[in-house]
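Structure file entry.pdb (PDB, C-alpha atoms and all ligand atoms) is printed below.
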```pdb
MODEL        1
ATOM      1  CA  MET A   1       5.097   1.612 -16.944
ATOM      2  CA  ASN A   2       4.490  -1.775 -15.277
ATOM      3  CA  GLN A   3       6.850  -4.719 -14.782
ATOM      4  CA  GLN A   4       9.422  -2.581 -13.007
ATOM      5  CA  PRO A   5      11.185  -3.544  -9.785
ATOM      6  CA  LEU A   6      11.147  -1.244  -6.780
ATOM      7  CA  TYR A   7      14.596  -0.654  -5.280
ATOM      8  CA  LEU A   8      15.381   0.820  -1.888
ATOM      9  CA  ASP A   9      19.001   1.896  -1.608
ATOM     10  CA  LYS A  10      20.145   2.794   1.927
ATOM     11  CA  LEU A  11      16.715   4.272   2.585
ATOM     12  CA  THR A  12      16.804   5.741   6.089
ATOM     13  CA  THR A  13      14.002   7.160   8.222
ATOM     14  CA  ASP A  14      14.568   8.511  11.727
ATOM     15  CA  LEU A  15      13.310   5.174  13.154
ATOM     16  CA  LEU A  16      15.158   2.721  10.920
ATOM     17  CA  GLU A  17      18.710   1.815  10.061
ATOM     18  CA  PRO A  18      19.421   2.070   6.311
ATOM     19  CA  VAL A  19      17.341  -0.366   4.240
ATOM     20  CA  SER A  20      18.508  -1.750   0.887
ATOM     21  CA  LEU A  21      16.331  -4.263  -0.935
ATOM     22  CA  GLN A  22      14.485  -5.023  -4.124
ATOM     23  CA  VAL A  23      10.849  -5.998  -4.662
ATOM     24  CA  LYS A  24      10.429  -7.622  -8.065
ATOM     25  CA  PRO A  25       7.498  -7.017 -10.438
ATOM     26  CA  GLY A  26       4.520  -9.091  -9.274
ATOM     27  CA  GLU A  27       6.096  -9.745  -5.881
ATOM     28  CA  ILE A  28       4.550  -8.954  -2.501
ATOM     29  CA  ALA A  29       6.891  -7.994   0.347
ATOM     30  CA  CYS A  30       5.032  -8.311   3.637
ATOM     31  CA  LEU A  31       6.156  -5.948   6.364
ATOM     32  CA  SER A  32       5.511  -6.707  10.024
ATOM     33  CA  GLY A  33       6.689  -5.336  13.350
ATOM     34  CA  PRO A  34       5.356  -4.008  16.633
ATOM     35  CA  SER A  35       3.020  -1.012  16.747
ATOM     36  CA  GLY A  36       4.998   2.198  16.462
ATOM     37  CA  SER A  37       8.085   0.453  14.994
ATOM     38  CA  GLY A  38       7.914   2.592  11.848
ATOM     39  CA  LYS A  39       6.138   0.457   9.214
ATOM     40  CA  SER A  40       3.798   3.230   8.065
ATOM     41  CA  ARG A  41       6.585   5.756   8.089
ATOM     42  CA  LEU A  42       8.725   3.498   5.905
ATOM     43  CA  LEU A  43       5.863   3.298   3.388
ATOM     44  CA  ARG A  44       5.435   7.081   3.582
ATOM     45  CA  ALA A  45       9.157   7.547   2.840
ATOM     46  CA  ILE A  46       8.890   5.228  -0.186
ATOM     47  CA  ALA A  47       5.879   7.287  -1.358
ATOM     48  CA  ASP A  48       7.911  10.502  -0.824
ATOM     49  CA  LEU A  49       5.493  11.728   1.824
ATOM     50  CA  ASP A  50       7.943  11.740   4.768
ATOM     51  CA  PRO A  51      11.528  13.026   5.016
ATOM     52  CA  HIS A  52      14.185  10.350   4.471
ATOM     53  CA  GLU A  53      17.714   9.726   3.246
ATOM     54  CA  GLY A  54      18.959   7.288   0.646
ATOM     55  CA  SER A  55      17.183   6.582  -2.608
ATOM     56  CA  VAL A  56      14.135   4.818  -4.012
ATOM     57  CA  ARG A  57      13.866   3.732  -7.649
ATOM     58  CA  LEU A  58      11.097   2.217  -9.711
ATOM     59  CA  GLY A  59      12.852   0.655 -12.683
ATOM     60  CA  ASP A  60      14.716   3.573 -14.286
ATOM     61  CA  TYR A  61      12.740   6.238 -12.420
ATOM     62  CA  THR A  62      14.469   7.757  -9.393
ATOM     63  CA  GLN A  63      12.167   9.219  -6.750
ATOM     64  CA  ALA A  64      14.325  12.342  -6.290
ATOM     65  CA  LYS A  65      14.111  13.175 -10.014
ATOM     66  CA  VAL A  66      10.357  12.682 -10.458
ATOM     67  CA  PRO A  67       7.909  15.445  -9.371
ATOM     68  CA  ALA A  68       6.330  14.247  -6.111
ATOM     69  CA  HIS A  69       2.745  14.193  -7.433
ATOM     70  CA  HIS A  70       3.801  11.988 -10.399
ATOM     71  CA  TRP A  71       5.798   9.688  -8.136
ATOM     72  CA  ARG A  72       2.874   9.244  -5.723
ATOM     73  CA  ARG A  73       0.584   8.301  -8.568
ATOM     74  CA  MET A  74       3.080   5.686  -9.824
ATOM     75  CA  VAL A  75       4.069   4.416  -6.374
ATOM     76  CA  MET A  76       0.660   4.474  -4.741
ATOM     77  CA  LEU A  77       0.249   4.422  -0.967
ATOM     78  CA  VAL A  78      -3.047   3.069   0.350
ATOM     79  CA  PRO A  79      -2.983   4.202   4.003
ATOM     80  CA  ALA A  80      -4.719   2.321   6.800
ATOM     81  CA  GLU A  81      -7.056   5.300   7.301
ATOM     82  CA  SER A  82      -8.113   6.646   3.911
ATOM     83  CA  ALA A  83      -8.942  10.313   3.320
ATOM     84  CA  TRP A  84     -11.878  11.384   1.124
ATOM     85  CA  TRP A  85     -12.345  14.923  -0.133
ATOM     86  CA  PHE A  86     -15.389  14.965  -2.468
ATOM     87  CA  ASP A  87     -19.020  14.344  -1.468
ATOM     88  CA  THR A  88     -19.611  11.093  -3.361
ATOM     89  CA  VAL A  89     -17.485   7.983  -3.864
ATOM     90  CA  GLY A  90     -17.555   8.122  -7.671
ATOM     91  CA  GLU A  91     -16.004  11.586  -7.796
ATOM     92  CA  HIS A  92     -12.774  10.078  -6.426
ATOM     93  CA  MET A  93     -12.296   7.520  -9.208
ATOM     94  CA  TYR A  94     -10.010   8.235 -12.168
ATOM     95  CA  THR A  95     -11.390   5.439 -14.370
ATOM     96  CA  PRO A  96     -14.611   3.345 -14.164
ATOM     97  CA  GLN A  97     -14.180   0.332 -11.888
ATOM     98  CA  SER A  98     -17.407  -1.683 -12.096
ATOM     99  CA  ALA A  99     -15.713  -5.102 -12.473
ATOM    100  CA  THR A 100     -13.419  -4.370  -9.514
ATOM    101  CA  LEU A 101     -16.374  -3.318  -7.349
ATOM    102  CA  GLN A 102     -18.113  -6.608  -8.052
ATOM    103  CA  GLU A 103     -14.994  -8.630  -7.269
ATOM    104  CA  LEU A 104     -14.719  -6.840  -3.931
ATOM    105  CA  GLY A 105     -18.343  -7.527  -3.025
ATOM    106  CA  LEU A 106     -19.536  -3.947  -3.602
ATOM    107  CA  GLU A 107     -22.609  -3.009  -5.618
ATOM    108  CA  PRO A 108     -22.285  -0.573  -8.573
ATOM    109  CA  GLU A 109     -24.566   1.969  -6.815
ATOM    110  CA  VAL A 110     -21.792   2.572  -4.284
ATOM    111  CA  MET A 111     -20.382   5.135  -6.750
ATOM    112  CA  GLU A 112     -23.372   7.400  -6.074
ATOM    113  CA  TRP A 113     -23.156   7.058  -2.295
ATOM    114  CA  PRO A 114     -22.094   9.986  -0.121
ATOM    115  CA  VAL A 115     -18.730   9.271   1.497
ATOM    116  CA  ASP A 116     -20.103   9.951   4.983
ATOM    117  CA  ARG A 117     -22.410   6.920   4.859
ATOM    118  CA  LEU A 118     -19.589   4.415   4.242
ATOM    119  CA  SER A 119     -18.707   1.821   6.865
ATOM    120  CA  SER A 120     -15.022   1.452   7.720
ATOM    121  CA  GLY A 121     -14.865  -1.826   5.754
ATOM    122  CA  GLU A 122     -16.505  -0.220   2.696
ATOM    123  CA  LYS A 123     -14.080   2.691   2.938
ATOM    124  CA  GLN A 124     -11.136   0.345   3.108
ATOM    125  CA  ARG A 125     -12.176  -1.581  -0.012
ATOM    126  CA  LEU A 126     -13.075   1.612  -1.875
ATOM    127  CA  ALA A 127      -9.660   3.107  -1.059
ATOM    128  CA  LEU A 128      -8.167   0.107  -2.905
ATOM    129  CA  VAL A 129     -10.556   0.641  -5.827
ATOM    130  CA  ARG A 130      -9.576   4.319  -5.961
ATOM    131  CA  ALA A 131      -5.866   3.398  -5.884
ATOM    132  CA  VAL A 132      -6.111   0.986  -8.812
ATOM    133  CA  SER A 133      -8.243   3.478 -10.758
ATOM    134  CA  CYS A 134      -4.934   5.414 -11.132
ATOM    135  CA  GLU A 135      -3.262   2.308 -12.640
ATOM    136  CA  PRO A 136      -0.259   2.480 -10.299
ATOM    137  CA  ALA A 137       3.085   0.896 -11.170
ATOM    138  CA  ALA A 138       3.740  -0.093  -7.517
ATOM    139  CA  LEU A 139       1.479  -0.467  -4.465
ATOM    140  CA  LEU A 140       2.207   0.331  -0.813
ATOM    141  CA  LEU A 141      -0.563  -1.288   1.228
ATOM    142  CA  ASP A 142      -0.849  -0.360   4.896
ATOM    143  CA  GLU A 143      -2.916  -3.056   6.632
ATOM    144  CA  PRO A 144      -5.347  -3.329   3.698
ATOM    145  CA  THR A 145      -7.680  -5.759   5.505
ATOM    146  CA  ALA A 146      -7.611  -4.263   9.028
ATOM    147  CA  ASN A 147     -11.333  -3.366   9.077
ATOM    148  CA  LEU A 148     -12.674  -6.467   7.326
ATOM    149  CA  ASP A 149     -14.401  -9.660   8.506
ATOM    150  CA  PRO A 150     -12.676 -12.991   7.716
ATOM    151  CA  ASP A 151     -14.669 -13.717   4.521
ATOM    152  CA  THR A 152     -14.161 -10.227   3.116
ATOM    153  CA  THR A 153     -10.490 -10.402   4.116
ATOM    154  CA  ARG A 154     -10.095 -13.530   1.940
ATOM    155  CA  LEU A 155     -11.959 -11.831  -0.918
ATOM    156  CA  VAL A 156      -9.651  -8.808  -0.779
ATOM    157  CA  GLU A 157      -6.536 -10.977  -0.439
ATOM    158  CA  HIS A 158      -7.571 -12.991  -3.497
ATOM    159  CA  TRP A 159      -8.308  -9.913  -5.568
ATOM    160  CA  LEU A 160      -5.199  -7.970  -4.508
ATOM    161  CA  THR A 161      -2.766 -10.845  -5.028
ATOM    162  CA  GLY A 162      -4.330 -11.485  -8.458
ATOM    163  CA  TYR A 163      -4.098  -7.800  -9.388
ATOM    164  CA  ILE A 164      -0.454  -7.478  -8.304
ATOM    165  CA  ARG A 165       0.627 -10.662 -10.080
ATOM    166  CA  GLU A 166      -1.343 -10.100 -13.300
ATOM    167  CA  ARG A 167      -0.153  -6.508 -13.627
ATOM    168  CA  GLU A 168       3.339  -7.529 -12.512
ATOM    169  CA  ILE A 169       3.754  -4.614 -10.135
ATOM    170  CA  PRO A 170       5.877  -4.693  -6.959
ATOM    171  CA  ALA A 171       4.007  -4.286  -3.659
ATOM    172  CA  PHE A 172       4.640  -3.779   0.032
ATOM    173  CA  TRP A 173       1.889  -5.124   2.316
ATOM    174  CA  VAL A 174       1.891  -4.254   6.026
ATOM    175  CA  ALA A 175       0.316  -7.093   8.022
ATOM    176  CA  HIS A 176       0.175  -8.251  11.644
ATOM    177  CA  ASP A 177      -1.422 -11.636  11.002
ATOM    178  CA  SER A 178       1.216 -14.333  10.427
ATOM    179  CA  GLU A 179      -1.305 -16.524   8.574
ATOM    180  CA  GLN A 180      -2.060 -13.698   6.163
ATOM    181  CA  ILE A 181       1.669 -13.122   5.655
ATOM    182  CA  GLU A 182       2.020 -16.826   4.865
ATOM    183  CA  ARG A 183      -0.878 -16.656   2.364
ATOM    184  CA  VAL A 184       0.046 -13.505   0.434
ATOM    185  CA  GLY A 185       3.752 -12.757   0.943
ATOM    186  CA  ASP A 186       6.602 -13.681  -1.395
ATOM    187  CA  GLN A 187       9.047 -12.195   1.086
ATOM    188  CA  HIS A 188       8.595 -11.335   4.746
ATOM    189  CA  LEU A 189      10.388  -8.356   6.261
ATOM    190  CA  HIS A 190      10.189  -7.659   9.973
ATOM    191  CA  ILE A 191      11.139  -4.524  11.905
ATOM    192  CA  ALA A 192      12.736  -5.105  15.304
ATOM    193  CA  GLY A 193      14.899  -2.721  17.300
ATOM    194  CA  GLY A 194      15.120  -0.186  14.484
ATOM    195  CA  ARG A 195      16.312  -2.761  11.946
ATOM    196  CA  LEU A 196      14.504  -4.309   9.019
ATOM    197  CA  GLU A 197      15.296  -7.991   8.732
ATOM    198  CA  GLY A 198      14.316 -10.691   6.260
ATOM    199  CA  HIS A 199      12.443 -13.706   7.664
TER     200      HIS A 199
HETATM  201  N1  LIG A 201       4.922  13.023  11.523
HETATM  202  C1  LIG A 201       5.513  12.412  12.547
HETATM  203  N2  LIG A 201       6.531  12.984  13.211
HETATM  204  C2  LIG A 201       7.147  12.368  14.224
HETATM  205  N3  LIG A 201       6.802  11.135  14.671
HETATM  206  C3  LIG A 201       5.803  10.512  14.040
HETATM  207  C4  LIG A 201       5.105  11.105  12.933
HETATM  208  N4  LIG A 201       4.174  10.232  12.502
HETATM  209  C5  LIG A 201       4.272   9.156  13.307
HETATM  210  N5  LIG A 201       5.235   9.326  14.229
HETATM  211  C6  LIG A 201       5.680   8.359  15.249
HETATM  212  O1  LIG A 201       6.553   7.432  14.610
HETATM  213  C7  LIG A 201       6.397   6.149  15.211
HETATM  214  C8  LIG A 201       6.140   5.112  14.126
HETATM  215  O2  LIG A 201       4.863   5.339  13.567
HETATM  216  P1  LIG A 201       4.285   4.377  12.429
HETATM  217  O3  LIG A 201       2.934   4.942  12.105
HETATM  218  O4  LIG A 201       5.251   4.232  11.325
HETATM  219  O5  LIG A 201       4.157   2.994  13.222
HETATM  220  P2  LIG A 201       3.657   1.581  12.700
HETATM  221  O6  LIG A 201       4.792   0.624  12.804
HETATM  222  O7  LIG A 201       3.020   1.723  11.371
HETATM  223  O8  LIG A 201       2.581   1.243  13.826
HETATM  224  P3  LIG A 201       1.113   0.535  13.804
HETATM  225  O9  LIG A 201       1.335  -0.927  13.611
HETATM  226  O10 LIG A 201       0.583   0.876  15.159
HETATM  227  O11 LIG A 201       0.331   1.192  12.688
HETATM  228  C9  LIG A 201       5.261   6.268  16.236
HETATM  229  O12 LIG A 201       5.850   6.390  17.515
HETATM  230  C10 LIG A 201       4.557   7.542  15.829
HETATM  231  O13 LIG A 201       3.999   8.216  16.956
ENDMDL
END
```

Produce structure tokens that represent the structure in this file.
Amino acid sequence: MNQQPLYLDKLTTDLLEPVSLQVKPGEIACLSGPSGSGKSRLLRAIADLDPHEGSVRLGDYTQAKVPAHHWRRMVMLVPAESAWWFDTVGEHMYTPQSATLQELGLEPEVMEWPVDRLSSGEKQRLALVRAVSCEPAALLLDEPTANLDPDTTRLVEHWLTGYIREREIPAFWVAHDSEQIERVGDQHLHIAGGRLEGH
């Protein structure tokens, strides 16, 4: 399932002119642009959560031909604000993730914690842990370090870049910080005036 490129072919949302590009396995495409320019909605279209035109493919799989719930598990969106629906953290995980927790600076007991005690930074890291517990074949990361202090930001950057490159999965990473884009991005795409341009 891994090692497959993600292709956008004339993908069009109501905010963006058609976008055609490829993100290779193990590659991170950073996406920047002003607030409200449509970054999150582009990710939601790729995840088949928002209406769009054009096509999205992951290797030989075409979004339009894959049931939406399967597609969203393969092409996993991690939104900036994560939603939690069970009482405890551990109930949301598909596979045990103790090594990942440690690498992200979280103690194993966090699995027993009620969701409503989590800080925003804990929630953000645990949303990443939950996403990888599904073993996705592509990641769509919407400002994955927005709620984190500088040290934890570096920790998450290190872990995420390692995960994406080792597993050889394509990833989009929405970021506002040009230094972060420099550190983690293999390509940099910027939205301006309704167009997505390479930088
Ligand atoms: N379901 C929706 N229907 C119509 N418009 C929407 C919907 N969701 C968001 N919008 C609008 O679409 C525009 C783009 O939103 P989006 O969340 O993609 O911006 P963004 O580039 O990710 O911004 P930010 O950097 O602030 O997160 C905004 O003006 C927003 O109000």

Range 86-96 of chain A surroundings by only C-alpha atoms, 10 Å radius, close-in-sequence under 4 positions cut, as a PyMOL selection string: chain A and resi 100-101+108-118+123+126-127+129-135

Would you mind listing, for every residue of chain A within 9 Å of ligand LIG 201 (chain A), the two atoms forming the shortest contact and the distance between them in Å to one decimal, using all atoms listed in the file, sorted by chain and ascending residue number, as CSV?
```
residue,atom,partner,partner_atom,distance
A:Asp14,CA,A:LIG201,O1,8.6
A:Leu15,CA,A:LIG201,C8,7.2
A:Ser32,CA,A:LIG201,O6,7.9
A:Gly33,CA,A:LIG201,O6,6.3
A:Pro34,CA,A:LIG201,O9,5.9
A:Ser35,CA,A:LIG201,O10,3.5
A:Gly36,CA,A:LIG201,O5,3.4
A:Ser37,CA,A:LIG201,O6,4.0
A:Gly38,CA,A:LIG201,O4,3.2
A:Lys39,CA,A:LIG201,O6,3.8
A:Ser40,CA,A:LIG201,O4,3.7
A:Arg41,CA,A:LIG201,O4,3.8
A:Leu42,CA,A:LIG201,O4,6.5
A:Leu43,CA,A:LIG201,O4,8.0
A:Arg44,CA,A:LIG201,O4,8.3
A:Asp50,CA,A:LIG201,N1,7.5
A:Ala80,CA,A:LIG201,O11,7.8
A:Asp142,CA,A:LIG201,O7,7.8
A:Glu143,CA,A:LIG201,O11,8.1
A:Val174,CA,A:LIG201,O7,8.1
A:Ala175,CA,A:LIG201,O9,8.4
A:His176,CA,A:LIG201,O9,7.7
A:Ile191,CA,A:LIG201,O6,8.2
```

Pairwise distance for CA of Leu8 in chain A and CA of Glu166 in chain A, rounded to one decimal in Å: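 Computing the Euclidean distance for CA of Leu8 in chain A and CA of Glu166 in chain A yields 23.0 Å.
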
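CA of Gly54 in chain A is positioned 11.9 Å from CA of Leu16 in chain A.
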
CA of Glu81 in chain A to CA of Leu196 in chain A, distance in Å rounded to a single decimal: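 These atoms are spaced 23.7 Å apart.
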
List as an mmCIF file with C-alpha atoms, in the coordinates of the input the protein and nucleic acid residues near Tyr7 in chain A, meaning an atom at most 9 Å away when all atoms listed in the file are counted, but skip any in the same chain fewer than 4 places from it.
```cif
data_model
loop_
_atom_site.group_PDB
_atom_site.id
_atom_site.type_symbol
_atom_site.label_atom_id
_atom_site.label_comp_id
_atom_site.auth_asym_id
_atom_site.auth_seq_id
_atom_site.Cartn_x
_atom_site.Cartn_y
_atom_site.Cartn_z
ATOM 1 C CA SER A 20 18.508 -1.750 0.887
ATOM 2 C CA LEU A 21 16.331 -4.263 -0.935
ATOM 3 C CA GLN A 22 14.485 -5.023 -4.124
ATOM 4 C CA VAL A 23 10.849 -5.998 -4.662
ATOM 5 C CA LYS A 24 10.429 -7.622 -8.065
ATOM 6 C CA SER A 55 17.183 6.582 -2.608
ATOM 7 C CA VAL A 56 14.135 4.818 -4.012
ATOM 8 C CA ARG A 57 13.866 3.732 -7.649
ATOM 9 C CA LEU A 58 11.097 2.217 -9.711
ATOM 10 C CA GLY A 59 12.852 0.655 -12.683
#
```

Among the residues A:Leu148, A:Glu182, A:Ile28, A:His52, the one that comes closest to Thr13 in chain A [using only C-alpha atoms]: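 Among the listed residues, A:His52 lies closest to Thr13 in chain A.
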
Exercise: residues within 10 Å of coordinate (2.3, -11.6, 8.8), counting all atoms listed in the file, as a list in words: Cys30, Leu31, Ser32, Gly33, Trp173, Val174, Ala175, His176, Asp177, Ser178, Glu179, Gln180, Ile181, Glu182, Arg183, Val184, Gly185, His188, Leu189 and His190 of chain A

Expected selection from the PyMOL selection byres (((chain A and resi 72) around 10) and not hetatm), given as a PyMOL selection string: chain A and resi 44+46-49+63+66-71+73-77+136-139

Given the PyMOL selection byres (((chain A and resi 170) around 9) and not hetatm), the residues it picks as a ChimeraX atom specification: /A:2-6,23-29,137-140,164-165,168-169,171-172

A:Thr145, A:Ser120, A:Gln97, A:Thr12 ranked by distance to Glu157 in chain A, top pick (using all atoms listed in the file):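 Smallest separation from Glu157 in chain A among the options: A:Thr145.
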
Nearest-residue call for Glu197 in chain A, choices A:Leu160, A:Val19, A:Leu11, A:Ala83, using only C-alpha atoms: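 Between A:Leu160, A:Val19, A:Leu11, A:Ala83, the residue approaching Glu197 in chain A most closely is A:Val19.
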